[in-house]
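*Asks:* Take a look at structure.cif, mmCIF, C-alpha atoms:
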```
data_entry
#
loop_
_atom_site.group_PDB
_atom_site.id
_atom_site.type_symbol
_atom_site.label_atom_id
_atom_site.label_comp_id
_atom_site.auth_asym_id
_atom_site.auth_seq_id
_atom_site.Cartn_x
_atom_site.Cartn_y
_atom_site.Cartn_z
ATOM 1 C CA MET S 1 34.894 44.623 42.952
ATOM 2 C CA ASN S 2 33.813 47.235 40.419
ATOM 3 C CA TRP S 3 30.703 48.931 41.789
ATOM 4 C CA GLN S 4 28.892 50.315 38.742
ATOM 5 C CA GLY S 5 25.951 49.766 36.422
ATOM 6 C CA VAL S 6 22.628 48.007 36.970
ATOM 7 C CA ILE S 7 22.803 45.365 39.704
ATOM 8 C CA PRO S 8 19.527 43.538 40.396
ATOM 9 C CA ALA S 9 18.301 42.991 43.922
ATOM 10 C CA ILE S 10 17.265 39.519 42.873
ATOM 11 C CA THR S 11 14.009 38.018 44.103
ATOM 12 C CA THR S 12 14.074 34.598 45.736
ATOM 13 C CA PRO S 13 11.940 32.144 43.734
ATOM 14 C CA PHE S 14 9.805 29.597 45.560
ATOM 15 C CA ARG S 15 8.296 26.299 44.510
ATOM 16 C CA GLU S 16 4.707 25.449 45.396
ATOM 17 C CA ASP S 17 5.834 24.134 48.804
ATOM 18 C CA LEU S 18 7.658 27.472 49.323
ATOM 19 C CA SER S 19 11.101 25.881 49.249
ATOM 20 C CA VAL S 20 13.703 27.829 47.279
ATOM 21 C CA ASP S 21 13.749 27.001 43.571
ATOM 22 C CA HIS S 22 17.507 26.916 42.954
ATOM 23 C CA ASP S 23 17.223 25.869 39.315
ATOM 24 C CA PHE S 24 15.125 28.908 38.474
ATOM 25 C CA LEU S 25 17.301 31.152 40.642
ATOM 26 C CA ALA S 26 20.351 30.329 38.521
ATOM 27 C CA LYS S 27 18.382 30.724 35.275
ATOM 28 C CA HIS S 28 16.951 34.067 36.377
ATOM 29 C CA ALA S 29 20.335 35.484 37.355
ATOM 30 C CA LYS S 30 21.909 34.402 34.047
ATOM 31 C CA TRP S 31 19.028 35.982 32.094
ATOM 32 C CA MET S 32 19.566 39.349 33.765
ATOM 33 C CA LEU S 33 23.317 39.222 33.246
ATOM 34 C CA ASP S 34 22.804 38.291 29.597
ATOM 35 C CA ASN S 35 20.722 41.456 29.260
ATOM 36 C CA GLY S 36 23.477 43.748 30.489
ATOM 37 C CA CYS S 37 23.381 43.719 34.292
ATOM 38 C CA THR S 38 26.764 43.942 35.999
ATOM 39 C CA GLY S 39 26.237 41.772 39.076
ATOM 40 C CA ILE S 40 23.649 40.292 41.416
ATOM 41 C CA VAL S 41 22.646 41.280 44.960
ATOM 42 C CA ALA S 42 20.944 38.473 46.890
ATOM 43 C CA LEU S 43 19.111 38.176 50.223
ATOM 44 C CA GLY S 44 17.988 41.791 50.482
ATOM 45 C CA SER S 45 14.529 43.164 51.168
ATOM 46 C CA LEU S 46 13.299 42.216 47.708
ATOM 47 C CA GLY S 47 14.930 38.814 48.126
ATOM 48 C CA GLU S 48 12.812 38.208 51.244
ATOM 49 C CA GLY S 49 15.983 37.640 53.224
ATOM 50 C CA ALA S 50 14.151 38.030 56.524
ATOM 51 C CA THR S 51 12.061 34.933 55.763
ATOM 52 C CA LEU S 52 15.033 32.698 54.885
ATOM 53 C CA GLU S 53 16.810 30.484 57.384
ATOM 54 C CA PHE S 54 20.586 30.862 57.730
ATOM 55 C CA ASP S 55 21.333 27.674 55.772
ATOM 56 C CA GLU S 56 18.893 28.729 53.051
ATOM 57 C CA LYS S 57 20.744 32.012 52.687
ATOM 58 C CA LEU S 58 24.049 30.245 52.213
ATOM 59 C CA ALA S 59 22.493 27.878 49.687
ATOM 60 C CA VAL S 60 21.159 30.839 47.674
ATOM 61 C CA LEU S 61 24.616 32.422 47.632
ATOM 62 C CA GLN S 62 26.252 29.155 46.602
ATOM 63 C CA THR S 63 23.805 28.703 43.726
ATOM 64 C CA LEU S 64 24.502 32.201 42.454
ATOM 65 C CA VAL S 65 28.278 32.007 42.832
ATOM 66 C CA ARG S 66 28.488 28.651 41.066
ATOM 67 C CA GLY S 67 29.542 29.313 37.486
ATOM 68 C CA MET S 68 28.630 33.010 37.683
ATOM 69 C CA ARG S 69 30.707 35.306 35.480
ATOM 70 C CA ALA S 70 29.752 38.465 37.372
ATOM 71 C CA PRO S 71 30.047 39.576 41.004
ATOM 72 C CA VAL S 72 27.616 38.188 43.561
ATOM 73 C CA VAL S 73 26.904 40.474 46.504
ATOM 74 C CA ALA S 74 25.387 39.167 49.733
ATOM 75 C CA ALA S 75 22.983 41.417 51.591
ATOM 76 C CA ILE S 76 23.872 41.158 55.267
ATOM 77 C CA SER S 77 21.192 41.753 57.847
ATOM 78 C CA ALA S 78 20.108 39.941 60.965
ATOM 79 C CA LEU S 79 18.520 40.480 64.341
ATOM 80 C CA SER S 80 21.909 40.434 66.057
ATOM 81 C CA THR S 81 25.385 41.651 65.222
ATOM 82 C CA ASP S 82 26.861 38.190 65.856
ATOM 83 C CA VAL S 83 24.595 36.536 63.289
ATOM 84 C CA ALA S 84 25.283 39.288 60.758
ATOM 85 C CA ILE S 85 29.035 38.755 61.215
ATOM 86 C CA ARG S 86 28.622 34.999 60.802
ATOM 87 C CA LEU S 87 26.678 35.488 57.582
ATOM 88 C CA ALA S 88 29.297 37.921 56.262
ATOM 89 C CA LYS S 89 32.122 35.476 56.940
ATOM 90 C CA ASN S 90 30.233 32.640 55.292
ATOM 91 C CA ALA S 91 29.453 34.819 52.267
ATOM 92 C CA GLU S 92 33.177 35.341 51.836
ATOM 93 C CA ARG S 93 33.812 31.613 52.306
ATOM 94 C CA VAL S 94 31.381 30.555 49.563
ATOM 95 C CA GLY S 95 32.873 32.977 47.054
ATOM 96 C CA CYS S 96 30.872 36.208 47.096
ATOM 97 C CA SER S 97 32.611 39.285 45.708
ATOM 98 C CA GLY S 98 31.028 41.838 48.006
ATOM 99 C CA LEU S 99 28.637 42.599 50.840
ATOM 100 C CA MET S 100 25.694 44.986 51.048
ATOM 101 C CA VAL S 101 25.509 45.782 54.765
ATOM 102 C CA LEU S 102 22.124 46.651 56.253
ATOM 103 C CA PRO S 103 21.205 47.833 59.730
ATOM 104 C CA PRO S 104 19.774 45.108 61.966
ATOM 105 C CA TYR S 105 16.185 44.009 61.548
ATOM 106 C CA VAL S 106 13.709 45.497 64.027
ATOM 107 C CA TYR S 107 16.131 47.408 66.268
ATOM 108 C CA SER S 108 16.611 51.071 65.390
ATOM 109 C CA THR S 109 18.781 53.136 67.688
ATOM 110 C CA ASP S 110 21.329 55.940 67.889
ATOM 111 C CA TRP S 111 24.449 56.465 65.788
ATOM 112 C CA ARG S 112 26.828 55.059 68.415
ATOM 113 C CA GLU S 113 25.131 51.668 68.382
ATOM 114 C CA MET S 114 24.455 51.631 64.641
ATOM 115 C CA LYS S 115 28.056 52.580 63.881
ATOM 116 C CA ALA S 116 29.295 49.772 66.106
ATOM 117 C CA HIS S 117 27.071 47.254 64.325
ATOM 118 C CA MET S 118 27.932 48.363 60.797
ATOM 119 C CA SER S 119 31.643 48.570 61.613
ATOM 120 C CA ALA S 120 31.668 45.084 63.083
ATOM 121 C CA VAL S 121 30.167 43.616 59.907
ATOM 122 C CA ILE S 122 32.406 45.607 57.545
ATOM 123 C CA ARG S 123 35.487 44.525 59.542
ATOM 124 C CA ALA S 124 34.435 40.866 59.537
ATOM 125 C CA THR S 125 35.803 40.180 56.039
ATOM 126 C CA LYS S 126 38.125 41.600 53.415
ATOM 127 C CA LEU S 127 35.264 41.798 50.932
ATOM 128 C CA SER S 128 34.326 45.050 49.249
ATOM 129 C CA CYS S 129 31.315 46.513 51.057
ATOM 130 C CA MET S 130 28.325 48.669 50.224
ATOM 131 C CA LEU S 131 26.393 50.451 52.967
ATOM 132 C CA TYR S 132 22.623 50.272 52.500
ATOM 133 C CA ASN S 133 20.707 53.310 53.711
ATOM 134 C CA ASN S 134 16.938 52.868 53.714
ATOM 135 C CA PRO S 135 15.374 54.890 56.543
ATOM 136 C CA ILE S 136 11.870 54.351 55.155
ATOM 137 C CA ALA S 137 12.050 50.565 55.541
ATOM 138 C CA TYR S 138 14.474 50.166 58.451
ATOM 139 C CA ARG S 139 13.862 53.357 60.506
ATOM 140 C CA THR S 140 17.612 53.948 60.656
ATOM 141 C CA ASP S 141 18.934 56.872 58.642
ATOM 142 C CA PHE S 142 22.653 57.049 57.920
ATOM 143 C CA LEU S 143 23.253 60.737 57.327
ATOM 144 C CA PRO S 144 25.897 61.758 54.771
ATOM 145 C CA GLU S 145 28.274 62.846 57.535
ATOM 146 C CA GLN S 146 27.933 59.433 59.199
ATOM 147 C CA VAL S 147 28.535 57.619 55.921
ATOM 148 C CA ALA S 148 31.667 59.718 55.481
ATOM 149 C CA GLU S 149 32.795 58.752 58.981
ATOM 150 C CA LEU S 150 32.455 55.056 58.150
ATOM 151 C CA ALA S 151 34.263 55.546 54.832
ATOM 152 C CA GLU S 152 37.175 57.220 56.611
ATOM 153 C CA GLU S 153 37.526 54.313 59.054
ATOM 154 C CA HIS S 154 37.020 51.350 56.691
ATOM 155 C CA ASP S 155 39.148 50.968 53.590
ATOM 156 C CA ASN S 156 36.903 48.184 52.269
ATOM 157 C CA LEU S 157 33.765 50.341 52.285
ATOM 158 C CA HIS S 158 33.496 51.206 48.610
ATOM 159 C CA ALA S 159 29.860 52.034 47.881
ATOM 160 C CA VAL S 160 26.562 53.223 49.305
ATOM 161 C CA LYS S 161 23.039 52.329 48.228
ATOM 162 C CA GLU S 162 20.965 55.412 48.932
ATOM 163 C CA SER S 163 17.232 54.740 49.355
ATOM 164 C CA ALA S 164 16.130 57.746 51.364
ATOM 165 C CA ALA S 165 13.977 58.813 48.375
ATOM 166 C CA ASP S 166 15.680 62.220 48.400
ATOM 167 C CA VAL S 167 17.968 62.890 45.454
ATOM 168 C CA ARG S 168 19.704 65.584 47.498
ATOM 169 C CA ARG S 169 21.356 62.772 49.458
ATOM 170 C CA VAL S 170 23.301 61.874 46.319
ATOM 171 C CA THR S 171 24.596 65.426 45.916
ATOM 172 C CA SER S 172 25.419 65.644 49.632
ATOM 173 C CA LEU S 173 27.397 62.416 49.557
ATOM 174 C CA ARG S 174 29.223 63.487 46.426
ATOM 175 C CA SER S 175 30.039 66.866 47.984
ATOM 176 C CA LEU S 176 31.420 65.277 51.163
ATOM 177 C CA LEU S 177 33.187 62.287 49.641
ATOM 178 C CA GLY S 178 33.993 63.141 46.051
ATOM 179 C CA GLU S 179 34.743 59.852 44.291
ATOM 180 C CA ARG S 180 35.588 57.974 47.514
ATOM 181 C CA LEU S 181 32.352 55.942 47.409
ATOM 182 C CA ALA S 182 30.373 54.710 44.426
ATOM 183 C CA ILE S 183 26.841 55.995 44.929
ATOM 184 C CA PHE S 184 23.965 53.756 43.871
ATOM 185 C CA VAL S 185 20.304 54.649 43.597
ATOM 186 C CA GLY S 186 18.157 52.199 45.529
ATOM 187 C CA VAL S 187 14.707 53.547 44.630
ATOM 188 C CA ASP S 188 13.546 52.653 41.130
ATOM 189 C CA ASP S 189 11.522 55.773 40.381
ATOM 190 C CA LEU S 190 14.429 58.115 41.220
ATOM 191 C CA ILE S 191 16.961 56.598 38.859
ATOM 192 C CA ILE S 192 17.010 59.436 36.301
ATOM 193 C CA GLU S 193 17.353 62.112 38.970
ATOM 194 C CA GLY S 194 19.955 60.031 40.808
ATOM 195 C CA ILE S 195 22.167 59.653 37.753
ATOM 196 C CA ALA S 196 21.896 63.368 37.052
ATOM 197 C CA ALA S 197 23.027 64.057 40.622
ATOM 198 C CA GLY S 198 26.100 61.827 40.320
ATOM 199 C CA ALA S 199 25.083 58.224 41.015
ATOM 200 C CA VAL S 200 27.078 55.615 39.096
ATOM 201 C CA GLY S 201 24.892 52.590 39.713
ATOM 202 C CA TRP S 202 21.430 51.266 40.410
ATOM 203 C CA ILE S 203 20.424 48.473 42.767
ATOM 204 C CA ALA S 204 17.250 47.781 40.846
ATOM 205 C CA GLY S 205 13.932 46.047 41.477
ATOM 206 C CA LEU S 206 11.869 45.973 38.268
ATOM 207 C CA VAL S 207 14.974 44.691 36.512
ATOM 208 C CA ASN S 208 13.879 41.264 37.782
ATOM 209 C CA ALA S 209 11.164 41.324 35.113
ATOM 210 C CA MET S 210 12.583 43.797 32.599
ATOM 211 C CA PRO S 211 16.378 43.738 32.521
ATOM 212 C CA LYS S 212 16.772 44.960 28.935
ATOM 213 C CA GLU S 213 14.598 48.001 29.604
ATOM 214 C CA SER S 214 16.305 48.704 32.928
ATOM 215 C CA VAL S 215 19.774 48.695 31.382
ATOM 216 C CA ALA S 216 18.549 50.827 28.470
ATOM 217 C CA LEU S 217 17.042 53.374 30.869
ATOM 218 C CA PHE S 218 20.250 53.497 32.915
ATOM 219 C CA ASN S 219 22.254 54.044 29.742
ATOM 220 C CA GLY S 220 20.147 57.020 28.710
ATOM 221 C CA LYS S 221 17.421 55.556 26.511
ATOM 222 C CA ASP S 222 14.332 57.787 26.566
ATOM 223 C CA ILE S 223 11.841 55.293 28.008
ATOM 224 C CA TYR S 224 11.323 56.802 31.464
ATOM 225 C CA SER S 225 7.730 57.935 30.939
ATOM 226 C CA TRP S 226 6.814 54.449 29.687
ATOM 227 C CA PHE S 227 8.635 52.676 32.539
ATOM 228 C CA LEU S 228 7.605 54.965 35.417
ATOM 229 C CA PRO S 229 4.249 53.323 36.342
ATOM 230 C CA LEU S 230 6.106 50.035 36.807
ATOM 231 C CA LEU S 231 9.078 51.604 38.581
ATOM 232 C CA ARG S 232 6.695 53.063 41.158
ATOM 233 C CA MET S 233 5.806 49.508 42.185
ATOM 234 C CA ASP S 234 9.237 49.355 43.845
ATOM 235 C CA THR S 235 8.361 52.136 46.302
ATOM 236 C CA VAL S 236 5.292 50.806 48.141
ATOM 237 C CA PRO S 237 4.978 48.375 51.072
ATOM 238 C CA LYS S 238 3.957 45.426 48.851
ATOM 239 C CA PHE S 239 6.826 45.930 46.405
ATOM 240 C CA VAL S 240 7.927 42.292 46.686
ATOM 241 C CA GLN S 241 4.500 40.982 45.706
ATOM 242 C CA LEU S 242 4.199 43.531 42.891
ATOM 243 C CA ILE S 243 7.602 42.857 41.361
ATOM 244 C CA LYS S 244 7.062 39.109 41.519
ATOM 245 C CA LEU S 245 3.686 39.640 39.836
ATOM 246 C CA VAL S 246 5.398 41.547 37.019
ATOM 247 C CA GLN S 247 7.856 38.660 36.695
ATOM 248 C CA GLN S 248 4.950 36.245 36.377
ATOM 249 C CA GLU S 249 3.196 38.366 33.767
ATOM 250 C CA VAL S 250 6.312 38.530 31.586
ATOM 251 C CA GLY S 251 6.900 34.784 31.955
ATOM 252 C CA MET S 252 9.990 34.939 34.139
ATOM 253 C CA GLY S 253 8.998 33.735 37.591
ATOM 254 C CA ASN S 254 5.926 33.414 39.749
ATOM 255 C CA GLU S 255 4.177 35.503 42.371
ATOM 256 C CA ARG S 256 4.700 33.118 45.285
ATOM 257 C CA VAL S 257 5.952 34.803 48.475
ATOM 258 C CA ARG S 258 6.605 33.615 52.017
ATOM 259 C CA GLY S 259 4.513 34.730 54.972
ATOM 260 C CA PRO S 260 3.791 37.133 56.459
ATOM 261 C CA ARG S 261 3.473 38.371 52.897
ATOM 262 C CA LEU S 262 0.525 37.124 50.852
ATOM 263 C CA ALA S 263 0.128 37.219 47.093
ATOM 264 C CA LEU S 264 -2.050 40.083 45.883
ATOM 265 C CA GLU S 265 -5.729 39.436 45.263
ATOM 266 C CA GLY S 266 -8.982 41.190 44.448
ATOM 267 C CA ALA S 267 -9.119 44.788 43.242
ATOM 268 C CA GLU S 268 -5.551 45.425 44.347
ATOM 269 C CA ARG S 269 -4.227 42.675 42.090
ATOM 270 C CA GLU S 270 -6.532 43.595 39.208
ATOM 271 C CA GLU S 271 -5.262 47.192 39.184
ATOM 272 C CA ALA S 272 -1.653 46.009 39.243
ATOM 273 C CA VAL S 273 -2.291 43.617 36.350
ATOM 274 C CA ARG S 274 -3.915 46.424 34.344
ATOM 275 C CA THR S 275 -0.851 48.605 34.887
ATOM 276 C CA ILE S 276 1.463 45.780 33.871
ATOM 277 C CA HIS S 277 -0.520 44.945 30.741
ATOM 278 C CA ARG S 278 -0.703 48.603 29.677
ATOM 279 C CA ALA S 279 3.080 48.654 29.822
ATOM 280 C CA LEU S 280 3.476 45.354 28.009
ATOM 281 C CA ASN S 281 1.071 46.448 25.243
ATOM 282 C CA SER S 282 3.177 49.548 24.582
ATOM 283 C CA ARG S 283 6.583 48.015 25.319
ATOM 284 C CA PRO S 284 9.308 49.853 23.411
ATOM 285 C CA LYS S 285 11.418 48.024 20.855
ATOM 286 C CA LEU S 286 15.041 48.080 21.980
#
```
Would you encode the structure as structure tokens?

*Replies:*
Amino acid sequence: MNWQGVIPAITTPFREDLSVDHDFLAKHAKWMLDNGCTGIVALGSLGEGATLEFDEKLAVLQTLVRGMRAPVVAAISALSTDVAIRLAKNAERVGCSGLMVLPPYVYSTDWREMKAHMSAVIRATKLSCMLYNNPIAYRTDFLPEQVAELAEEHDNLHAVKESAADVRRVTSLRSLLGERLAIFVGVDDLIIEGIAAGAVGWIAGLVNAMPKESVALFNGKDIYSWFLPLLRMDTVPKFVQLIKLVQQEVGMGNERVRGPRLALEGAEREEAVRTIHRALNSRPKL
């Protein structure tokens, strides 16, 4: 798999009964690819993977793989190592091109245990793998030296999504590993700094609502100051609700989420809508 470019962390769309809307899922993915994205990552944090049952996860992957002309990457996370391995193997079976491997939900521990978990998942298939480092969300921080250790031991580890919100991580990884791993920015409002530091890709959030603008920004179009208020929505605890709200406001999705999340309401929602509409009213012509 060629790890590069803008790859959406796709949201999972729900019908009114909160079942997965597979028809819209396929339409949404195609729309983003048609606007220049290079692949799709499913089942991650933004995809509400923690609220999906195992069979639902496989069904999402199957929908995306079916007829897709670009790589589909399965985000792999679970409460236990055994379940994560089972999901990885099934992702390979249904035709995914790669895996984005996360630390386990809930349990955060030392490097010995985390290395054992990540290694077990990476070894479970022959698929190209990306390590996902997000210490803010998962309370597990894979330091550059530890990422390098995993890269040395696993030939199929080809990329890292760095979401520590510190652009110096990109330069540290590049210094340690050279071109060994493709480095992706995983925090929307650090994309310009990340590219300048050596990142070659972006696992993006706001791309779910604005793929054309996201690809243009990644390719150097001077729209950062316009886009930044929206990009910041990717970096707060209710980022799923906010990004789905942006999708709804641009006419590509709805704001339905699964519990424990609740759709935004009141002053919080009104402020978000104002920010979205300010952006839409001054949307650049590309």

*Asks:* Which residue gives the smallest distance to Met252 of chain S among S:Gly49, S:Gly178, S:Pro103, S:Pro211, with all atoms listed in the file counted?

*Replies:*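 Of S:Gly49, S:Gly178, S:Pro103, S:Pro211, the one nearest Met252 of chain S, counting all atoms listed in the file, is S:Pro211.
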
*Asks:* My list of candidates is S:Met233, S:Ala159, S:Leu264, S:Ile223. Which is closest to Val187 of chain S when distances are computed with all atoms listed in the file?

*Replies:*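 Result for the nearest residue to Val187 of chain S: S:Met233.
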
*Asks:* Pick the closest to Gly205 of chain S from S:Val121, S:Val246, S:Ala84, S:Cys96: which is it, counting all atoms listed in the file?

*Replies:* S:Val246

*Asks:* Given the file shown, determine the residues that the PyMOL selection byres ((chain S and resi 94) around 8) selects; report them as a PDB file with C-alpha atoms, in the coordinates of the input.

*Replies:*
```
ATOM      1  CA  LEU S  58      24.049  30.245  52.213  1.00  0.00           C
ATOM      2  CA  LEU S  61      24.616  32.422  47.632  1.00  0.00           C
ATOM      3  CA  GLN S  62      26.252  29.155  46.602  1.00  0.00           C
ATOM      4  CA  VAL S  65      28.278  32.007  42.832  1.00  0.00           C
ATOM      5  CA  ASN S  90      30.233  32.640  55.292  1.00  0.00           C
ATOM      6  CA  ALA S  91      29.453  34.819  52.267  1.00  0.00           C
ATOM      7  CA  GLU S  92      33.177  35.341  51.836  1.00  0.00           C
ATOM      8  CA  ARG S  93      33.812  31.613  52.306  1.00  0.00           C
ATOM      9  CA  GLY S  95      32.873  32.977  47.054  1.00  0.00           C
ATOM     10  CA  CYS S  96      30.872  36.208  47.096  1.00  0.00           C
TER      11      CYS S  96
END
```

*Asks:* Counting all atoms listed in the file, find the residues whose atoms lie at most 7 Å from (15.4, 55.1, 63.8) (file coordinates) and write them out as a list in words.

*Replies:* Ser108, Thr109, Arg139, Thr140 and Asp141 of chain S

*Asks:* For atom CA of Glu265 of chain S and atom CA of Gly253 of chain S, determine how far apart the two atoms are, in Å to one decimal place.

*Replies:*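 Answer for the atom CA of Glu265 of chain S to atom CA of Gly253 of chain S separation: 17.6 Å.
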
*Asks:* Measuring between only C-alpha atoms, which one of S:Leu231, S:Ala279, S:Met1, S:Leu157 shows the shortest distance to Asp188 of chain S?

*Replies:*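 Answer, going by the shortest atom-to-atom distance: S:Leu231.
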
*Asks:* Might you pull out every residue within 9 Å of Val160 of chain S, with all atoms listed in the file counted and same-chain residues fewer than 4 positions away left off, and present them as a compact mmCIF listing (two decimals) with C-alpha atoms, in the frame of the given file?

*Replies:*
```txt
# COMPACT_ATOMS: atom_id res chain seq x y z
CA MET S 100 25.69 44.99 51.05
CA CYS S 129 31.32 46.51 51.06
CA MET S 130 28.32 48.67 50.22
CA LEU S 131 26.39 50.45 52.97
CA TYR S 132 22.62 50.27 52.50
CA ASN S 133 20.71 53.31 53.71
CA VAL S 147 28.54 57.62 55.92
CA LEU S 181 32.35 55.94 47.41
CA ALA S 182 30.37 54.71 44.43
CA ILE S 183 26.84 56.00 44.93
CA PHE S 184 23.96 53.76 43.87
CA VAL S 185 20.30 54.65 43.60
```

*Asks:* Mind checking which residues fall within 12 Å of Leu228 of chain S, counting all atoms listed in the file, ignoring those fewer than 2 positions away in the same chain, and posting them as a list in words?

*Replies:*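 So the residues in contact are Val187, Asp188, Asp189, Leu190, Ile191, Ile192, Leu206, Glu213, Ser214, Leu217, Asp222, Ile223, Tyr224, Ser225, Trp226, Leu230, Leu231, Arg232, Met233, Asp234, Thr235, Thr275, Ile276, Arg278 and Ala279 of chain S.
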
*Asks:* Quick one, how far is atom CA of Thr38 of chain S from atom CA of Ile7 of chain S?

*Replies:*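 Atom CA of Ile7 of chain S lies at a distance of 5.6 Å from atom CA of Thr38 of chain S.
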
*Asks:* So, with only C-alpha atoms as the atoms that count, which of S:Arg256, S:Ser45, S:Pro8, S:Leu102 lies closest to Leu79 of chain S?

*Replies:*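 Using only C-alpha atoms, the shortest distance to Leu79 of chain S belongs to S:Leu102.
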
*Asks:* Neighbouring residues of Arg258 of chain S were defined as those with any atom within 12 Å, considering all atoms listed in the file; residues of the same chain fewer than 5 positions away were excluded. Please report them as an NGL selection string.

*Replies:* :S and (11-20 or 46-53 or 240-241 or 244 or 263)

*Asks:* Counting only C-alpha atoms, which residue out of S:Val83, S:Ala196, S:Leu286, S:Leu150 sits closest to Val215 of chain S?

*Replies:* S:Leu286

*Asks:* Step by step, work through what the PyMOL selection byres ((chain S and resi 74) around 8) selects in the shown file, and finish by giving those residues as a list in words.

*Replies:*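 Output of the PyMOL selection byres ((chain S and resi 74) around 8): Val41, Ala42, Leu43, Gly44, Leu61, Val72, Val73, Ala75, Ile76, Ala88, Ala91, Cys96, Gly98, Leu99 and Met100 of chain S.
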
*Asks:* What is the atom CA of Glu179 of chain S to atom CA of Tyr138 of chain S distance in Å?

*Replies:*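 Computed distance, atom CA of Glu179 of chain S to atom CA of Tyr138 of chain S, equals 26.6 Å.
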
*Asks:* Taking the file as I've supplied it (selection: the PyMOL selection byres ((chain S and resi 32) around 8)), which residues are included? Please answer as a list in words.

*Replies:*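 What the PyMOL selection byres ((chain S and resi 32) around 8) grabs from the file is Pro8, His28, Ala29, Lys30, Trp31, Leu33, Asp34, Asn35, Gly36, Cys37, Val207, Asn208, Pro211 and Lys212 of chain S.
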
*Asks:* Put a box with edges along x, y and z around all the listed atoms of segment 202-220 of chain S, pad it by 8 Å on each side, then give me its centre and sizes in Å, one decimal, as JSON.

*Replies:*
```
{"center_x": 16.7, "center_y": 49.1, "center_z": 35.6, "size_x": 27.1, "size_y": 31.8, "size_z": 30.3}
```

*Asks:* For His277 of chain S, find every residue with an atom within 9 Å (counting all atoms listed in the file), except residues of its own chain fewer than 5 positions away, and show them as a ChimeraX atom specification.

*Replies:* /S:249,272,282

*Asks:* Would you list the residues near (17.6, 62.5, 46.0) (no more than 8 Å away, in the coordinates of the file, using all atoms listed in the file) as a list in words?

*Replies:*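 Checking each residue against the 8 Å limit leaves Ala164, Ala165, Asp166, Val167, Arg168, Arg169, Val170, Thr171, Leu190, Glu193, Gly194 and Ala197 of chain S.
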
*Asks:* Create the file for the chosen residues now, containing C-alpha atoms and written as a PDB file, keeping the file's coordinate frame.

*Replies:*
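Generated file (result21.pdb):
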```pdb
ATOM      1  CA  ALA S 164      16.130  57.746  51.364  1.00  0.00           C
ATOM      2  CA  ALA S 165      13.977  58.813  48.375  1.00  0.00           C
ATOM      3  CA  ASP S 166      15.680  62.220  48.400  1.00  0.00           C
ATOM      4  CA  VAL S 167      17.968  62.890  45.454  1.00  0.00           C
ATOM      5  CA  ARG S 168      19.704  65.584  47.498  1.00  0.00           C
ATOM      6  CA  ARG S 169      21.356  62.772  49.458  1.00  0.00           C
ATOM      7  CA  VAL S 170      23.301  61.874  46.319  1.00  0.00           C
ATOM      8  CA  THR S 171      24.596  65.426  45.916  1.00  0.00           C
ATOM      9  CA  LEU S 190      14.429  58.115  41.220  1.00  0.00           C
ATOM     10  CA  GLU S 193      17.353  62.112  38.970  1.00  0.00           C
ATOM     11  CA  GLY S 194      19.955  60.031  40.808  1.00  0.00           C
ATOM     12  CA  ALA S 197      23.027  64.057  40.622  1.00  0.00           C
TER      13      ALA S 197
END
```

*Asks:* Could you list, as a count of residues only, every residue within 10 Å of Ala120 of chain S, counting only C-alpha atoms and ignoring same-chain residues fewer than 5 positions away?

*Replies:* 7

*Asks:* Assuming the input is short of atoms at segment 275-285 of chain S, produce N, CA and C atoms for that part as a PDB file, in the coordinates of the input.

*Replies:*
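The result, written out as rebuild_1.pdb:
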```pdb
ATOM      1  N   THR S 275      -2.037  47.764  35.089  1.00  0.00           N
ATOM      2  CA  THR S 275      -0.851  48.605  34.887  1.00  0.00           C
ATOM      3  C   THR S 275       0.233  47.844  34.134  1.00  0.00           C
ATOM      4  N   ILE S 276       0.442  46.600  34.527  1.00  0.00           N
ATOM      5  CA  ILE S 276       1.463  45.780  33.871  1.00  0.00           C
ATOM      6  C   ILE S 276       1.120  45.563  32.401  1.00  0.00           C
ATOM      7  N   HIS S 277      -0.129  45.237  32.114  1.00  0.00           N
ATOM      8  CA  HIS S 277      -0.520  44.945  30.741  1.00  0.00           C
ATOM      9  C   HIS S 277      -0.500  46.196  29.870  1.00  0.00           C
ATOM     10  N   ARG S 278      -0.832  47.358  30.451  1.00  0.00           N
ATOM     11  CA  ARG S 278      -0.703  48.603  29.677  1.00  0.00           C
ATOM     12  C   ARG S 278       0.742  48.797  29.240  1.00  0.00           C
ATOM     13  N   ALA S 279       1.658  48.523  30.151  1.00  0.00           N
ATOM     14  CA  ALA S 279       3.080  48.654  29.822  1.00  0.00           C
ATOM     15  C   ALA S 279       3.517  47.628  28.781  1.00  0.00           C
ATOM     16  N   LEU S 280       3.078  46.403  28.944  1.00  0.00           N
ATOM     17  CA  LEU S 280       3.476  45.354  28.009  1.00  0.00           C
ATOM     18  C   LEU S 280       2.904  45.617  26.609  1.00  0.00           C
ATOM     19  N   ASN S 281       1.703  46.175  26.545  1.00  0.00           N
ATOM     20  CA  ASN S 281       1.071  46.448  25.243  1.00  0.00           C
ATOM     21  C   ASN S 281       1.730  47.607  24.506  1.00  0.00           C
ATOM     22  N   SER S 282       2.481  48.425  25.223  1.00  0.00           N
ATOM     23  CA  SER S 282       3.177  49.548  24.582  1.00  0.00           C
ATOM     24  C   SER S 282       4.689  49.449  24.772  1.00  0.00           C
ATOM     25  N   ARG S 283       5.165  48.241  25.015  1.00  0.00           N
ATOM     26  CA  ARG S 283       6.583  48.015  25.319  1.00  0.00           C
ATOM     27  C   ARG S 283       7.473  48.509  24.182  1.00  0.00           C
ATOM     28  N   PRO S 284       8.454  49.323  24.488  1.00  0.00           N
ATOM     29  CA  PRO S 284       9.308  49.853  23.411  1.00  0.00           C
ATOM     30  C   PRO S 284      10.179  48.771  22.798  1.00  0.00           C
ATOM     31  N   LYS S 285      10.504  48.934  21.529  1.00  0.00           N
ATOM     32  CA  LYS S 285      11.418  48.024  20.855  1.00  0.00           C
ATOM     33  C   LYS S 285      12.839  48.519  21.068  1.00  0.00           C
TER      34      LYS S 285
END
```
